[in-house]
Each structure stands twice: as C-alpha cells, then as structure tokens.
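J.: Take this structure, written in structure tokens, and hold onto it; I'll ask about it next.
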Amino acid sequence: MVSVNDLILHKTKIGEYQVFESDSKLSIEGNGEPIEIDLPEQIHLKSLHLSHDERYLAFDSQVQERVGIFVVNLQTGESSNISDSYDYAGYEQPYGIAWSPAKNIMALIGGYPDSARIVLFDMDSGEEGQGGSQKYLKTYMV
C-alpha cells in the first residue's frame with residue numbers, strides 16, 4: 001500500500017509500476033502500454049494498493065464528502081468504480097482497502113471504530129460478499 005498525502009506530482013513506484021497524476025488522469029506505466037484513467041473532478045487520492053499478483057491496482061479517493069473506490073485491471077486497462085455499485089460511506093484510519101495475500105480478493109473495511117463493516121470483492125469471479133467476523137475473513141482472504 002502506498003499512502004498519498006498530496007496529489008501525485010512525481011512518479012510513485014508500486015510493484016513494477018510507476019503511477020502519477022497529471023491533468024485529471026491517473027497514469028500507470030509498466031511492462032505494456034501505459035494506462036490512463038480519467039479521474040473525477042475535485043478528487044484527492046488517499047492510497048494505492050496492488051494485488052498480490054500485480055494484476056489489479058486499487059485506489060481510494062476523496063471526492064467531495066464521499067470516498068470513491070476504484071480498481072484497474074493492469075492487464076486490460078479496464079477500470080471500475082466499485083463505490084458506484086456499493087454505498088461505501090468511507091472510513092477512519094486504520095480501516096480502508098486490503099488485498100488477500102494469495103487471491104485477487106479485495107476487502108473494504110469501512111465505517112468507524114465502533115461500527116466497522118466488511119465487504120469482499122473477488123476480482124476474478126466478480127462476486128461480492130459481506131461479512132464481519134475474523135473467521136469469515138480467514139476463510140475468504142487466505
């Protein structure tokens with residue numbers, strides 16, 4: 001995970017990729033063709049997260065009063081706004097995005113210390129699930 005305090009003005013290395021923001025676009029350079037993602041207006045990037053096999057890059061952003069969660073397939077260049085399909089109210093630290101160490105499953109741990117919620121997205125199958133227990137996370141994340 002790479003935390004982003006300000007806009008990415010210089011190339012930031014994450015895995016084998018160089019990531020930077022320019023002219024309302026997030027640019028990702030790696031082994032293949034560069035990928036450019038159009039960013040919403042008035043966006044503030046919070047962090048970048050690379051999946052275990054470096055096939056997916058997830059990032060979260062502050063867009064006005066909402067948190068947006070985006071995932072980019074680094075093989076195809078396709079991107080999706082996960083927060084469009086799920087009402088993600090945001091989070092306070094230390095919650096956020098986490099990838100499984102062995103699968104392309106991303107967990108969104110959102111909410112606040114006294115009311116955290118967990119939503120899992122399996123990027124390979126497209127399935128989504130909700131859970132909250134440590135047993136649930138151990139079953140699906142590793």
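Labeling convention for the structure tokens: chains A, B, ... as they appear, residues from 1 per chain, ligands from 1 in order of appearance.
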Residues near Ser51 (chain A), anyone? I mean within 10 Å using only C-alpha atoms, not counting same-chain ones fewer than 5 positions away, as a tab-separated table (two decimals) with N, CA, C and O atoms, in the first residue's frame.

T.:
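Saved as selection-v5.tsv:
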chain	number	residue	atom	x	y	z
A	1	MET	N	0.84	-1.16	0.00
A	1	MET	CA	0.00	0.00	0.00
A	1	MET	C	0.89	1.22	0.00
A	1	MET	O	1.90	1.27	0.67
A	15	GLY	N	5.09	-1.81	-6.79
A	15	GLY	CA	5.40	-3.04	-7.50
A	15	GLY	C	6.30	-2.72	-8.68
A	15	GLY	O	7.28	-2.00	-8.54
A	56	TYR	N	-4.06	-6.26	-10.45
A	56	TYR	CA	-5.03	-5.21	-10.15
A	56	TYR	C	-4.39	-4.13	-9.28
A	56	TYR	O	-3.61	-4.43	-8.38
A	57	LEU	N	-4.77	-2.90	-9.57
A	57	LEU	CA	-4.39	-1.77	-8.73
A	57	LEU	C	-5.67	-1.14	-8.23
A	57	LEU	O	-6.55	-0.79	-9.02
A	58	ALA	N	-5.81	-1.04	-6.92
A	58	ALA	CA	-6.97	-0.37	-6.32
A	58	ALA	C	-6.50	0.95	-5.74
A	58	ALA	O	-5.38	1.07	-5.27
A	98	ALA	N	-7.81	-3.62	1.66
A	98	ALA	CA	-6.79	-4.64	1.90
A	98	ALA	C	-6.99	-5.75	0.87
A	98	ALA	O	-8.11	-6.14	0.57
A	99	TRP	N	-5.88	-6.24	0.30
A	99	TRP	CA	-5.91	-7.37	-0.63
A	99	TRP	C	-5.56	-8.64	0.11
A	99	TRP	O	-4.73	-8.64	1.01
A	100	SER	N	-6.15	-9.75	-0.32
A	100	SER	CA	-5.75	-11.05	0.17
A	100	SER	C	-4.28	-11.28	-0.23
A	100	SER	O	-3.88	-10.88	-1.33
A	101	PRO	N	-3.50	-11.93	0.61
A	101	PRO	CA	-2.11	-12.19	0.25
A	101	PRO	C	-1.96	-13.30	-0.79
A	101	PRO	O	-0.86	-13.49	-1.33
A	102	ALA	N	-3.04	-14.04	-1.11
A	102	ALA	CA	-2.92	-15.18	-2.02
A	102	ALA	C	-3.97	-15.23	-3.12
A	102	ALA	O	-3.89	-16.08	-4.00
A	103	LYS	N	-4.98	-14.35	-3.06
A	103	LYS	CA	-6.07	-14.37	-4.04
A	103	LYS	C	-6.37	-12.94	-4.47
A	103	LYS	O	-6.00	-11.99	-3.79
A	104	ASN	N	-7.06	-12.79	-5.58
A	104	ASN	CA	-7.45	-11.46	-6.04
A	104	ASN	C	-8.79	-11.06	-5.42
A	104	ASN	O	-9.75	-10.75	-6.12
A	105	ILE	N	-8.80	-11.08	-4.10
A	105	ILE	CA	-9.97	-10.66	-3.34
A	105	ILE	C	-9.59	-9.41	-2.57
A	105	ILE	O	-8.59	-9.37	-1.86
A	106	MET	N	-10.40	-8.38	-2.75
A	106	MET	CA	-10.15	-7.11	-2.08
A	106	MET	C	-11.21	-6.92	-1.00
A	106	MET	O	-12.40	-7.15	-1.24
A	123	MET	N	-12.18	-10.21	-7.53
A	123	MET	CA	-11.99	-9.56	-8.82
A	123	MET	C	-11.97	-10.56	-9.97
A	123	MET	O	-12.32	-10.21	-11.09

J.: Please identify all polymer residues within 8 Å of Asn73 (chain A), counting only C-alpha atoms, omitting same-chain residues fewer than 2 positions from it, and present them as a PDB file with C-alpha atoms, in the first residue's frame.

T.:
ATOM      1  CA  ARG A  55      -2.874  -7.838 -11.887  1.00  0.00           C
ATOM      2  CA  TYR A  56      -5.026  -5.209 -10.150  1.00  0.00           C
ATOM      3  CA  LEU A  57      -4.388  -1.767  -8.735  1.00  0.00           C
ATOM      4  CA  VAL A  71      -9.951  -0.878  -9.367  1.00  0.00           C
ATOM      5  CA  GLN A  75      -3.601  -6.451 -17.998  1.00  0.00           C
ATOM      6  CA  THR A  76      -6.555  -4.987 -19.895  1.00  0.00           C
ATOM      7  CA  GLY A  77      -6.510  -1.359 -18.737  1.00  0.00           C
ATOM      8  CA  GLU A  78     -10.191  -1.575 -17.760  1.00  0.00           C
ATOM      9  CA  SER A  79     -11.195   0.314 -14.640  1.00  0.00           C
TER      10      SER A  79
END

J.: Kindly give the distance, in Å, that separates CA of Asp38 (chain A) and CA of Val119 (chain A), rounded to a single decimal.

T.: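 Taking CA of Asp38 (chain A) as the start and CA of Val119 (chain A) as the end point, the length is 25.2 Å.
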
J.: From the options A:Ile43, A:Leu50, A:Ile37, A:Ile109, which residue's atoms come nearest to Lys13 (chain A), counting only C-alpha atoms?

T.: A:Leu50

J.: May I ask which of the residues A:Glu54, A:Asp122, A:Glu41, A:Glu128 is the closest one to Leu74 (chain A), counting only C-alpha atoms?

T.: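 Among A:Glu54, A:Asp122, A:Glu41, A:Glu128, it is A:Glu54 that comes nearest to Leu74 (chain A).
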
J.: Which residues are close to region 17-20 of chain A, i.e. within 12 Å by only C-alpha atoms, leaving aside same-chain residues fewer than 4 positions away? Reply as a count of residues only.

T.: 37

J.: Please determine, counting only C-alpha atoms, which residue among A:Asp53, A:Ser83, A:Leu108, A:Ser22 has the shortest atom-to-atom distance to Asp124 (chain A).

T.: A:Asp53

J.: Would you compute the distance between CA of Val72 (chain A) and CA of Arg117 (chain A)? Give it in Å to one decimal.

T.: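 The value is 23.2 Å.
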
J.: Would you work out the distance separating CA of Pro40 (chain A) from CA of Glu16 (chain A), expressed in Å to one decimal?

T.: 25.6 Å
